[in-house]
Structures are given as C-alpha cells and as structure tokens.
Amino acid sequence: MPELPEVETVRRGLRPLLVGRRILDAGSHPSPKFEPASQVVGAVAVDVDRRGKYLLIPMDDHRRLIIHLGMTGRLCLRTPGDPVGPHVRAWWHLDGDRTLDYHDIRRFGRIAVVGEDLSGLPTLAQLGPEPFCPSFTPERLWSELRRSRSHIKTQLLNQRVVAGVGNIYADEALWRAGINPASRQISRPAASRLHAAIVAVLDEGIRHGGTTFRDYRNVAGRPGLNQHRLDCYGRAGAACRRCGETLRRRVVDARGTTFCPRCQRR
DNA sequence: CGCAGCGCCTGAAGGC
DNA sequence: TGCCTTCAGGCGCTGC
C-alpha cells in the first residue's frame, strides 16, 4: 500500500533512470485506467516529482505523466531479454534500450497524462498541503480538523487535509500522538502533537525506504525496512511499546485500525 | 456541499 | 487436499 514514504522512495530511485530519456513506444492493459500511458510516446522525461501519493513526471512538451500506484503498483526497469511479469499493466520503451514497466496486481492504480488542467483528477487537484511543506502547520491542521465531525482517522485519510497519509502512517501517527482513532474532536494541543507525529512517522518511513507488508517494492525490486520499526500498525495482540497494554484492532469507517486502548483513550 | 456507502480487483489465508 | 469465503484498502462515483 504505497503511501507518501513509499512513493517518495520510488521517486528517488526512478529519477536518475528516467530523466533525459525519450519514450520511444508504450503500451497498456486495455483499461481506461492505464491506456493514457501511450500518450507520452515521443516526449522526453524532464523530471520525476511527487505530490502526496502521486508521481508526476513532467515531459518536454509541457504535459505531465501522472502515476498513482494504488494498492499494489510497482515500477521497475527491464532490460531486453528479461521476462515480462504477469501483472504488467503499462510499459514505456525508453531510448537506451530499457523498458519501464508498471506492475499492478490488483489494478487499483491509475495512469493519466495532463497539461495544466487537473479537473480529470479531482483528488490530485484538491490535494492538501505536503506534510514537509512550511504551509502545513499545527494551526492549519487544527482548523481543518475542526471543520468536520468525521472520525479523526478518516480525516487523516482524506487527502484534502494533508497529502500522502494512508492507513499505516495514520495508525502510527495517532498512536504516537496518543489520540483515539475514533475521536471526532481533538484539542488544540492534541492537534499539535498529531502534526508533529505525522511529520515524524512519514520522515522515518522515507529514511527506512518505506514499509513493505506484502507488495511494496522500490524501483530496484527491493522491499522497504520500515515495517520492522512500526509501533502500532500490524501489531494487534502485541504489547504497546509505551504502556504495555495489549494493542487492539477495530474497524473505523471500514478501515482496519490498530490502537492502544490505554494510551489512546477518547 | 459534506459525507456515507459501495464497487473495483486479486492473492493470501482460514474454515470445513 | 481442495473448494469456498473472507479480507486487505485508495479512490472514484452515486445519492442522500
């Protein structure tokens, strides 16, 4: 489940492989979610950027190739003679005789080519602040959270509040801030703790190459290391590292959620 | 306009 | 052993 740290790790690996390369040919799985891949044939990749969980690849014709990895998306470079994986949903043949393959077992990902207009991608168009950007402040988070009565965890998963947080890092941040995921209102000091926790867990995720539970791999095909450092997600039934209570799992708005019933009281 | 609920997908895991 | 059911979840869409 690629979230911001996983997508950022992919971005860093992909950039040196792709920048300056011309797309000589491309193809895709027959689905509107992947067919736009072929629209960049003939163009040269100028950079590899990221916004939230989206990869944005500006081309020399001023359009951008957008890739969202969904739940199981992977990007990797293939050399001639390498076997083609069974779940390749799109591919771009580059000058230099390499092919960038987009694998996606469950096809939750998406590919688009856009110019200035992002109206075809409303989630990207309305994305909230980048967590590491100075515009993401405790004040801004608190005022955003006060506008809604949804569960706090659900609000963290809303990409308009802050860009790039998914299920794993939402659970980690709420655990670290000592906030119950089913809270609907939090205090100003709690919002401040949550802000710091979001930034910290995402930063640690990036520094450890992302979190691999099952499918996530970087561009080199290797899993991340951050799964060994998580305090909360995936640890239901184990002891809380802060208070020793047994971590519990429940469902919050249809999302599996792990939390500590003692140090994340309502 | 906000938000709850559903559908999309496939492989892994568990039950019988 | 093998079949069936359930689960994982980001996001687009629908409808209240």
# chains A, B, ... in the order shown; residues from 1 in each chain; ligands from 1
call {"tool": "residues_around", "arguments": {"residues": "DA8 (chain C)", "least_positions_apart": "6", "cutoff": "10 Å", "atoms": "only C-alpha atoms (C1' of nucleotides)", "output": "list in words"}}
result
Met1, Met71, Arg255 and Gly256 of chain A; DA12 of chain B
call {"tool": "interface_residues", "arguments": {"of": "chain C", "to": "chain A", "cutoff": "10 Å", "atoms": "only C-alpha atoms (C1' of nucleotides)", "output": "list in words"}}
result
DA8, DG9, DG10, DC11 and DG12 of chain C
call {"tool": "atom_distance", "arguments": {"atom1": "CA of Ser31 (chain A)", "atom2": "C1' of DT10 (chain B)"}}
result
16.2 Å
call {"tool": "closest_atom_pairs", "arguments": {"of": "chain A", "to": "chain B", "cutoff": "9 Å", "atoms": "only C-alpha atoms (C1' of nucleotides)", "output": "CSV"}}
result
residue,atom,partner,partner_atom,distance
A:Ile105,CA,B:DT10,C1',6.4
A:Arg106,CA,B:DC9,C1',4.6
A:Arg107,CA,B:DC9,C1',6.0
A:Phe108,CA,B:DC9,C1',6.8
A:Ser148,CA,B:DG2,C1',8.7
A:Ser150,CA,B:DC3,C1',8.5
A:Asp253,CA,B:DA4,C1',8.9
call {"tool": "select_by_dssp", "arguments": {"residues": "region 144-251 of chain A", "states": "strand (DSSP E or B)", "output": "list in words"}}
result
Ala239, Thr246, Arg248, Arg249, Arg250 and Val251 of chain A
call {"tool": "write_last_selection", "arguments": {"atoms": "C-alpha atoms", "output": "compact mmCIF listing (two decimals), in the first residue's frame"}}
result
# COMPACT_ATOMS: atom_id res chain seq x y z
CA ALA A 239 2.18 -5.17 23.86
CA THR A 246 -2.31 -5.18 24.52
CA ARG A 248 -6.33 -3.87 19.77
CA ARG A 249 -7.77 -3.93 16.28
CA ARG A 250 -11.13 -2.48 15.31
CA VAL A 251 -12.80 -1.16 12.20
call {"tool": "closest_atom_pairs", "arguments": {"of": "region 93-144 of chain A", "to": "region 177-185 of chain A", "cutoff": "12 Å", "atoms": "only C-alpha atoms", "output": "tab-separated table"}}
result
residue	atom	partner	partner_atom	distance
A:Trp142	CA	A:Gln185	CA	9.7
A:Ser143	CA	A:Gln185	CA	11.1
A:Glu144	CA	A:Gln185	CA	11.1
call {"tool": "write_last_selection", "arguments": {"atoms": "C-alpha atoms", "output": "compact mmCIF listing (two decimals), in the first residue's frame"}}
result
# COMPACT_ATOMS: atom_id res chain seq x y z
CA TRP A 142 -6.30 22.01 13.79
CA SER A 143 -8.52 24.35 11.78
CA GLU A 144 -9.00 21.67 9.09
call {"tool": "atom_distance", "arguments": {"atom1": "CA of Met59 (chain A)", "atom2": "CA of Val219 (chain A)"}}
result
20.0 Å
call {"tool": "residues_around", "arguments": {"residues": "Pro5 (chain A)", "least_positions_apart": "6", "cutoff": "8 Å", "atoms": "only C-alpha atoms (C1' of nucleotides)", "output": "JSON, numbers by chain"}}
result
{"A": [202, 203, 205, 206, 209, 210, 211]}
call {"tool": "write_last_selection", "arguments": {"atoms": "N, CA and C atoms", "output": "PDB file, in the first residue's frame"}}
result
ATOM      1  N   LEU A 202       6.241   9.973   8.818  1.00  0.00           N
ATOM      2  CA  LEU A 202       6.494   9.977   7.374  1.00  0.00           C
ATOM      3  C   LEU A 202       7.990  10.118   7.098  1.00  0.00           C
ATOM      4  N   ASP A 203       8.645  10.979   7.856  1.00  0.00           N
ATOM      5  CA  ASP A 203      10.089  11.160   7.684  1.00  0.00           C
ATOM      6  C   ASP A 203      10.839   9.863   7.985  1.00  0.00           C
ATOM      7  N   GLY A 205       9.599   6.887   7.795  1.00  0.00           N
ATOM      8  CA  GLY A 205       9.261   5.947   6.722  1.00  0.00           C
ATOM      9  C   GLY A 205      10.164   6.131   5.515  1.00  0.00           C
ATOM     10  N   ILE A 206      10.395   7.377   5.145  1.00  0.00           N
ATOM     11  CA  ILE A 206      11.277   7.659   4.000  1.00  0.00           C
ATOM     12  C   ILE A 206      12.699   7.209   4.316  1.00  0.00           C
ATOM     13  N   GLY A 209      13.273   3.617   3.802  1.00  0.00           N
ATOM     14  CA  GLY A 209      12.967   3.037   2.496  1.00  0.00           C
ATOM     15  C   GLY A 209      11.546   2.558   2.327  1.00  0.00           C
ATOM     16  N   GLY A 210      10.622   3.043   3.181  1.00  0.00           N
ATOM     17  CA  GLY A 210       9.217   2.661   3.052  1.00  0.00           C
ATOM     18  C   GLY A 210       8.892   1.392   3.832  1.00  0.00           C
ATOM     19  N   THR A 211       7.593   1.076   3.906  1.00  0.00           N
ATOM     20  CA  THR A 211       7.078  -0.057   4.664  1.00  0.00           C
ATOM     21  C   THR A 211       6.574  -1.121   3.703  1.00  0.00           C
TER      22      THR A 211
END
call {"tool": "closest_residue", "arguments": {"among": "A:His208, A:Lys153, A:Lys33, A:Arg214", "to": "Val252 (chain A)", "atoms": "only C-alpha atoms"}}
result
A:Lys153
call {"tool": "closest_residue", "arguments": {"among": "A:Glu245, A:Ile66, A:Val19, A:Arg12", "to": "Gly120 (chain A)", "atoms": "only C-alpha atoms"}}
result
A:Ile66
call {"tool": "atom_distance", "arguments": {"atom1": "CA of Asn226 (chain A)", "atom2": "CA of Thr79 (chain A)"}}
result
29.1 Å
call {"tool": "residues_around", "arguments": {"residues": "Pro138 (chain A)", "least_positions_apart": "6", "cutoff": "8 Å", "atoms": "only C-alpha atoms (C1' of nucleotides)", "output": "PyMOL selection string"}}
result
chain A and resi 191-192+195-196
call {"tool": "decode", "arguments": {"residues": "region 76-107 of chain A", "atoms": "N, CA and C atoms", "output": "mmCIF file, in the first residue's frame"}}
result
data_model
loop_
_atom_site.group_PDB
_atom_site.id
_atom_site.type_symbol
_atom_site.label_atom_id
_atom_site.label_comp_id
_atom_site.auth_asym_id
_atom_site.auth_seq_id
_atom_site.Cartn_x
_atom_site.Cartn_y
_atom_site.Cartn_z
ATOM 1 N N CYS A 76 9.419 -0.743 -12.387
ATOM 2 C CA CYS A 76 10.772 -1.271 -12.462
ATOM 3 C C CYS A 76 11.271 -1.232 -13.897
ATOM 4 N N LEU A 77 12.583 -1.195 -14.016
ATOM 5 C CA LEU A 77 13.212 -1.093 -15.333
ATOM 6 C C LEU A 77 13.606 -2.485 -15.811
ATOM 7 N N ARG A 78 13.291 -2.759 -17.061
ATOM 8 C CA ARG A 78 13.570 -4.080 -17.635
ATOM 9 C C ARG A 78 14.551 -3.915 -18.795
ATOM 10 N N THR A 79 15.502 -4.825 -18.864
ATOM 11 C CA THR A 79 16.436 -4.831 -20.000
ATOM 12 C C THR A 79 15.998 -5.914 -20.972
ATOM 13 N N PRO A 80 16.360 -5.762 -22.254
ATOM 14 C CA PRO A 80 15.921 -6.748 -23.252
ATOM 15 C C PRO A 80 16.337 -8.154 -22.836
ATOM 16 N N GLY A 81 15.429 -9.107 -22.979
ATOM 17 C CA GLY A 81 15.726 -10.479 -22.586
ATOM 18 C C GLY A 81 15.160 -10.836 -21.225
ATOM 19 N N ASP A 82 14.946 -9.803 -20.349
ATOM 20 C CA ASP A 82 14.312 -10.080 -19.062
ATOM 21 C C ASP A 82 12.883 -10.551 -19.307
ATOM 22 N N PRO A 83 12.385 -11.485 -18.482
ATOM 23 C CA PRO A 83 10.997 -11.921 -18.649
ATOM 24 C C PRO A 83 10.018 -10.795 -18.282
ATOM 25 N N VAL A 84 8.897 -10.746 -18.964
ATOM 26 C CA VAL A 84 7.854 -9.768 -18.656
ATOM 27 C C VAL A 84 6.969 -10.338 -17.558
ATOM 28 N N GLY A 85 6.774 -9.565 -16.506
ATOM 29 C CA GLY A 85 5.960 -10.036 -15.384
ATOM 30 C C GLY A 85 4.513 -10.232 -15.779
ATOM 31 N N PRO A 86 3.793 -11.061 -15.018
ATOM 32 C CA PRO A 86 2.405 -11.383 -15.368
ATOM 33 C C PRO A 86 1.403 -10.259 -15.125
ATOM 34 N N HIS A 87 1.796 -9.236 -14.357
ATOM 35 C CA HIS A 87 0.827 -8.197 -13.999
ATOM 36 C C HIS A 87 1.231 -6.825 -14.530
ATOM 37 N N VAL A 88 1.968 -6.804 -15.640
ATOM 38 C CA VAL A 88 2.343 -5.517 -16.232
ATOM 39 C C VAL A 88 1.101 -4.883 -16.856
ATOM 40 N N ARG A 89 0.749 -3.704 -16.353
ATOM 41 C CA ARG A 89 -0.456 -3.007 -16.840
ATOM 42 C C ARG A 89 -0.110 -1.890 -17.812
ATOM 43 N N ALA A 90 1.157 -1.443 -17.792
ATOM 44 C CA ALA A 90 1.597 -0.427 -18.754
ATOM 45 C C ALA A 90 3.108 -0.522 -18.866
ATOM 46 N N TRP A 91 3.652 -0.093 -20.027
ATOM 47 C CA TRP A 91 5.101 -0.102 -20.198
ATOM 48 C C TRP A 91 5.493 1.023 -21.135
ATOM 49 N N TRP A 92 6.710 1.525 -20.915
ATOM 50 C CA TRP A 92 7.258 2.590 -21.744
ATOM 51 C C TRP A 92 8.650 2.155 -22.197
ATOM 52 N N HIS A 93 8.834 2.033 -23.492
ATOM 53 C CA HIS A 93 10.155 1.678 -24.005
ATOM 54 C C HIS A 93 10.968 2.951 -24.180
ATOM 55 N N LEU A 94 12.133 3.000 -23.532
ATOM 56 C CA LEU A 94 12.943 4.221 -23.481
ATOM 57 C C LEU A 94 14.120 4.121 -24.441
ATOM 58 N N ASP A 95 14.654 5.269 -24.836
ATOM 59 C CA ASP A 95 15.917 5.217 -25.567
ATOM 60 C C ASP A 95 16.981 4.698 -24.604
ATOM 61 N N GLY A 96 18.003 4.041 -25.123
ATOM 62 C CA GLY A 96 18.943 3.340 -24.264
ATOM 63 C C GLY A 96 18.541 1.881 -24.087
ATOM 64 N N ASP A 97 17.454 1.481 -24.750
ATOM 65 C CA ASP A 97 17.016 0.085 -24.799
ATOM 66 C C ASP A 97 16.601 -0.495 -23.454
ATOM 67 N N ARG A 98 15.987 0.355 -22.623
ATOM 68 C CA ARG A 98 15.385 -0.158 -21.395
ATOM 69 C C ARG A 98 13.887 0.103 -21.467
ATOM 70 N N THR A 99 13.149 -0.688 -20.699
ATOM 71 C CA THR A 99 11.694 -0.507 -20.650
ATOM 72 C C THR A 99 11.271 -0.298 -19.203
ATOM 73 N N LEU A 100 10.491 0.757 -18.972
ATOM 74 C CA LEU A 100 9.903 0.982 -17.648
ATOM 75 C C LEU A 100 8.571 0.250 -17.608
ATOM 76 N N ASP A 101 8.459 -0.705 -16.684
ATOM 77 C CA ASP A 101 7.229 -1.490 -16.546
ATOM 78 C C ASP A 101 6.438 -1.022 -15.336
ATOM 79 N N TYR A 102 5.127 -0.903 -15.524
ATOM 80 C CA TYR A 102 4.224 -0.647 -14.398
ATOM 81 C C TYR A 102 3.457 -1.930 -14.102
ATOM 82 N N HIS A 103 3.761 -2.556 -12.946
ATOM 83 C CA HIS A 103 3.063 -3.755 -12.497
ATOM 84 C C HIS A 103 1.979 -3.334 -11.515
ATOM 85 N N ASP A 104 0.843 -4.012 -11.562
ATOM 86 C CA ASP A 104 -0.198 -3.701 -10.577
ATOM 87 C C ASP A 104 -1.149 -4.887 -10.482
ATOM 88 N N ILE A 105 -0.894 -5.754 -9.505
ATOM 89 C CA ILE A 105 -1.674 -6.985 -9.372
ATOM 90 C C ILE A 105 -3.171 -6.680 -9.320
ATOM 91 N N ARG A 106 -3.562 -5.763 -8.444
ATOM 92 C CA ARG A 106 -4.993 -5.554 -8.224
ATOM 93 C C ARG A 106 -5.592 -4.422 -9.039
ATOM 94 N N ARG A 107 -4.774 -3.774 -9.841
ATOM 95 C CA ARG A 107 -5.280 -2.748 -10.759
ATOM 96 C C ARG A 107 -6.008 -1.611 -10.050
#
